[in-house]
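Chemist: Sending over start_2.txt (compact mmCIF, C-alpha atoms).
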# COMPACT_ATOMS: atom_id res chain seq x y z
CA LYS A 1350 -29.14 -113.01 -79.92
CA ALA A 1351 -31.17 -109.85 -80.56
CA GLU A 1352 -33.59 -110.85 -77.81
CA ALA A 1353 -30.76 -111.25 -75.30
CA GLU A 1354 -29.37 -107.82 -76.27
CA LYS A 1355 -32.81 -106.24 -75.76
CA ALA A 1356 -33.10 -107.82 -72.32
CA ARG A 1357 -29.61 -106.60 -71.36
CA GLN A 1358 -30.42 -103.03 -72.46
CA ALA A 1359 -33.74 -103.06 -70.58
CA LYS A 1360 -31.94 -104.24 -67.44
CA GLU A 1361 -29.31 -101.49 -67.76
CA THR A 1362 -31.98 -98.83 -68.32
CA ALA A 1363 -33.89 -99.97 -65.23
CA SER A 1364 -30.68 -99.95 -63.22
CA ARG A 1365 -29.87 -96.37 -64.28
CA ALA A 1366 -33.42 -95.27 -63.42
CA ALA A 1367 -33.10 -96.84 -59.97
CA GLU A 1368 -29.76 -95.10 -59.43
CA ARG A 1369 -31.29 -91.73 -60.38
CA ALA A 1370 -34.19 -92.34 -57.98
CA GLU A 1371 -31.73 -93.15 -55.18
CA VAL A 1372 -29.78 -89.95 -55.83
CA LYS A 1373 -33.03 -87.95 -55.70
CA LYS A 1374 -34.01 -89.57 -52.38
CA ALA A 1375 -30.56 -89.12 -50.86
CA ALA A 1376 -30.32 -85.40 -51.57
CA PRO A 1377 -32.66 -83.59 -49.15
CA LYS A 1378 -33.60 -80.01 -49.95
CA THR A 1379 -31.38 -77.51 -48.19
CA TYR A 1380 -32.35 -73.99 -47.17
CA SER A 1381 -30.24 -70.95 -46.45
CA ASP A 1382 -29.74 -69.89 -42.84
CA THR A 1383 -31.54 -66.59 -43.50
CA LEU A 1384 -35.05 -65.27 -43.02
CA ASP A 1385 -35.90 -66.34 -46.56
CA GLY A 1386 -34.58 -69.85 -45.96
CA TRP A 1387 -36.36 -70.19 -42.60
CA ILE A 1388 -39.69 -69.20 -44.14
CA ARG A 1389 -39.22 -71.55 -47.10
CA GLU A 1390 -38.25 -74.47 -44.86
CA SER A 1391 -41.23 -73.77 -42.60
CA LEU A 1392 -43.55 -73.70 -45.60
CA ALA A 1393 -42.25 -77.11 -46.71
CA ILE A 1394 -42.89 -78.57 -43.24
CA MET A 1395 -46.29 -76.88 -43.06
CA LYS A 1396 -47.25 -78.41 -46.40
CA LYS A 1397 -46.42 -81.90 -45.07
CA HIS A 1398 -48.65 -81.28 -42.05
CA GLY A 1399 -51.51 -79.55 -43.87
CA ILE A 1400 -50.90 -76.18 -42.20
CA PRO A 1401 -51.97 -73.31 -44.46
CA GLY A 1402 -49.98 -70.11 -44.98
CA SER A 1403 -48.10 -68.12 -47.57
CA TYR A 1404 -44.62 -66.69 -47.78
CA ASP A 1405 -46.01 -63.14 -47.85
CA GLY A 1406 -48.30 -63.66 -44.86
CA ILE A 1407 -45.51 -65.15 -42.77
CA HIS A 1408 -42.97 -62.52 -43.81
CA ARG A 1409 -45.38 -59.64 -43.08
CA ASN A 1410 -46.08 -60.94 -39.58
CA ILE A 1411 -42.42 -61.63 -38.81
CA MET A 1412 -41.45 -58.09 -39.78
CA ARG A 1413 -44.18 -56.66 -37.55
CA GLU A 1414 -43.47 -58.94 -34.59
CA SER A 1415 -39.65 -59.13 -34.49
CA SER A 1416 -38.19 -57.28 -37.50
CA GLY A 1417 -36.66 -60.63 -38.46
CA ASN A 1418 -34.69 -61.15 -35.23
CA PRO A 1419 -34.99 -64.83 -34.17
CA LYS A 1420 -33.73 -63.94 -30.66
CA ALA A 1421 -36.34 -61.21 -30.10
CA ILE A 1422 -38.05 -61.22 -26.72
CA ASN A 1423 -40.84 -58.93 -25.54
CA LEU A 1424 -40.24 -57.86 -21.96
CA TRP A 1425 -43.00 -55.24 -21.67
CA ASP A 1426 -46.41 -56.56 -22.83
CA ILE A 1427 -49.06 -58.29 -20.69
CA ASN A 1428 -47.48 -61.70 -21.30
CA ALA A 1429 -44.14 -60.44 -20.00
CA GLN A 1430 -45.88 -58.82 -17.02
CA ASN A 1431 -47.41 -62.23 -16.29
CA GLY A 1432 -43.95 -63.86 -16.45
CA ILE A 1433 -44.29 -65.53 -19.86
CA PRO A 1434 -42.68 -63.22 -22.43
CA SER A 1435 -43.20 -63.69 -26.16
CA LYS A 1436 -40.12 -65.01 -27.95
CA GLY A 1437 -38.65 -65.50 -31.40
CA LEU A 1438 -39.50 -64.40 -34.91
CA LEU A 1439 -43.27 -64.55 -34.42
CA GLN A 1440 -43.31 -63.71 -30.71
CA VAL A 1441 -44.79 -66.93 -29.38
CA ILE A 1442 -45.22 -67.53 -25.65
CA PRO A 1443 -43.76 -70.82 -24.38
CA PRO A 1444 -47.10 -72.50 -23.49
CA THR A 1445 -48.44 -71.79 -27.00
CA PHE A 1446 -45.20 -73.03 -28.56
CA GLU A 1447 -45.47 -76.30 -26.62
CA VAL A 1448 -49.10 -76.91 -27.61
CA TYR A 1449 -48.63 -76.00 -31.30
CA HIS A 1450 -45.10 -77.39 -31.77
CA VAL A 1451 -44.89 -79.33 -35.04
CA PRO A 1452 -43.12 -82.72 -35.00
CA GLY A 1453 -39.85 -82.74 -36.89
CA THR A 1454 -38.90 -79.25 -35.75
CA SER A 1455 -36.69 -78.22 -32.84
CA LYS A 1456 -38.14 -77.94 -29.33
CA ASN A 1457 -36.21 -74.64 -28.97
CA ILE A 1458 -38.61 -71.68 -29.17
CA TYR A 1459 -35.80 -69.51 -30.57
CA ASP A 1460 -35.17 -71.90 -33.48
CA PRO A 1461 -36.48 -69.88 -36.43
CA VAL A 1462 -38.09 -72.77 -38.31
CA ALA A 1463 -39.69 -74.24 -35.17
CA ASN A 1464 -40.96 -70.79 -34.12
CA ILE A 1465 -42.47 -69.99 -37.51
CA THR A 1466 -44.04 -73.42 -37.92
CA ALA A 1467 -45.57 -73.49 -34.42
CA ALA A 1468 -46.89 -69.93 -34.80
CA CYS A 1469 -48.44 -70.78 -38.17
CA ASN A 1470 -49.99 -73.92 -36.67
CA TYR A 1471 -51.50 -71.76 -33.90
CA ALA A 1472 -52.69 -69.11 -36.38
CA ALA A 1473 -54.28 -71.82 -38.55
CA ASP A 1474 -56.18 -73.12 -35.53
CA LYS A 1475 -57.34 -69.70 -34.33
CA TYR A 1476 -57.63 -67.64 -37.55
CA GLY A 1477 -57.61 -70.12 -40.44
CA THR A 1478 -54.11 -69.13 -41.57
CA MET A 1479 -51.27 -66.79 -40.69
CA ASP A 1480 -52.35 -64.84 -43.78
CA ASN A 1481 -55.42 -63.68 -41.83
CA VAL A 1482 -53.36 -62.17 -39.01
CA ASP A 1483 -52.90 -58.41 -39.36
CA SER A 1484 -51.99 -57.44 -35.79
CA ALA A 1485 -50.69 -59.00 -32.60
CA TYR A 1486 -52.34 -62.36 -32.20
What does this structure look like when you write it as structure tokens?

Modeler:
Amino acid sequence: KAEAEKARQAKETASRAAERAEVKKAAPKTYSDTLDGWIRESLAIMKKHGIPGSYDGIHRNIMRESSGNPKAINLWDINAQNGIPSKGLLQVIPPTFEVYHVPGTSKNIYDPVANITAACNYAADKYGTMDNVDSAY
């Protein structure tokens, strides 16, 4: 009788553990629809894809490039003069966005997470990390 009780308890414990694991899997991390949230979500995606970068490096470059405006567009620099203006939080030109787009993010250059992640992917390729970028890139 004691053996049967032990087996029942073990089965219940395993069942509860499986339920907890399912709840963990089913609840994806959510991020706020703010600059802080966009950077944090980008960092999570970058980590999955092995793209280096830090919160501070990304934030510093965003503030210099767009002051945090995801709809920013540069209509005066050489890229704009050549008909391909820089767009979004990190002022990426469309051809660069297309080449460095990271799967799992939007194909919209103005999408903050897609823009940050593609720009960081580009910066990693050209400079090692966005943290190494201290001027227009």

Chemist: With only C-alpha atoms as the atoms that count, which of A:Arg1357, A:Val1441, A:Asp1426, A:Thr1379 lies nearest to Cys1469 in chain A?

Modeler: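 That would be A:Val1441, the residue with the smallest distance to Cys1469 in chain A.
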
Chemist: Mind pulling up the distance from CA of Tyr1476 in chain A to CA of Gln1430 in chain A?

Modeler: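 Going from CA of Gln1430 in chain A over to CA of Tyr1476 in chain A covers 25.2 Å.
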
Chemist: Tell me, as JSON, numbers by chain, which residues lie within 10 Å of Ile1407 in chain A, counting only C-alpha atoms; anything in the same chain fewer than 4 positions away does not count.

Modeler: {"A": [1388, 1389, 1391, 1392, 1402, 1403, 1411, 1412, 1438, 1439, 1465, 1466, 1468, 1469, 1478, 1479, 1480, 1482]}

Chemist: Which is closer to Gly1399 in chain A than all the others in A:Asn1481, A:Asn1423, A:Asn1470, A:Thr1445, using only C-alpha atoms?

Modeler: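 That would be A:Asn1470, the residue with the smallest distance to Gly1399 in chain A.
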
Chemist: Would you list the residues near (-39.4, -66.1, -45.4), meaning any protein, DNA or RNA residue with an atom at most 8 Å from that point in file coordinates, counting only C-alpha atoms, as a list of chain:residue names?

Modeler: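 Those residues lying close to the given coordinates are A:Leu1384, A:Asp1385, A:Gly1386, A:Trp1387, A:Ile1388, A:Arg1389, A:Tyr1404, A:Asp1405, A:Ile1407, A:His1408.
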
Chemist: In Å, rounded to a single decimal, give me how far CA of His1398 in chain A is from CA of Pro1452 in chain A.

Modeler: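 Atom-to-atom, CA of Pro1452 in chain A and CA of His1398 in chain A are spaced 9.1 Å apart.
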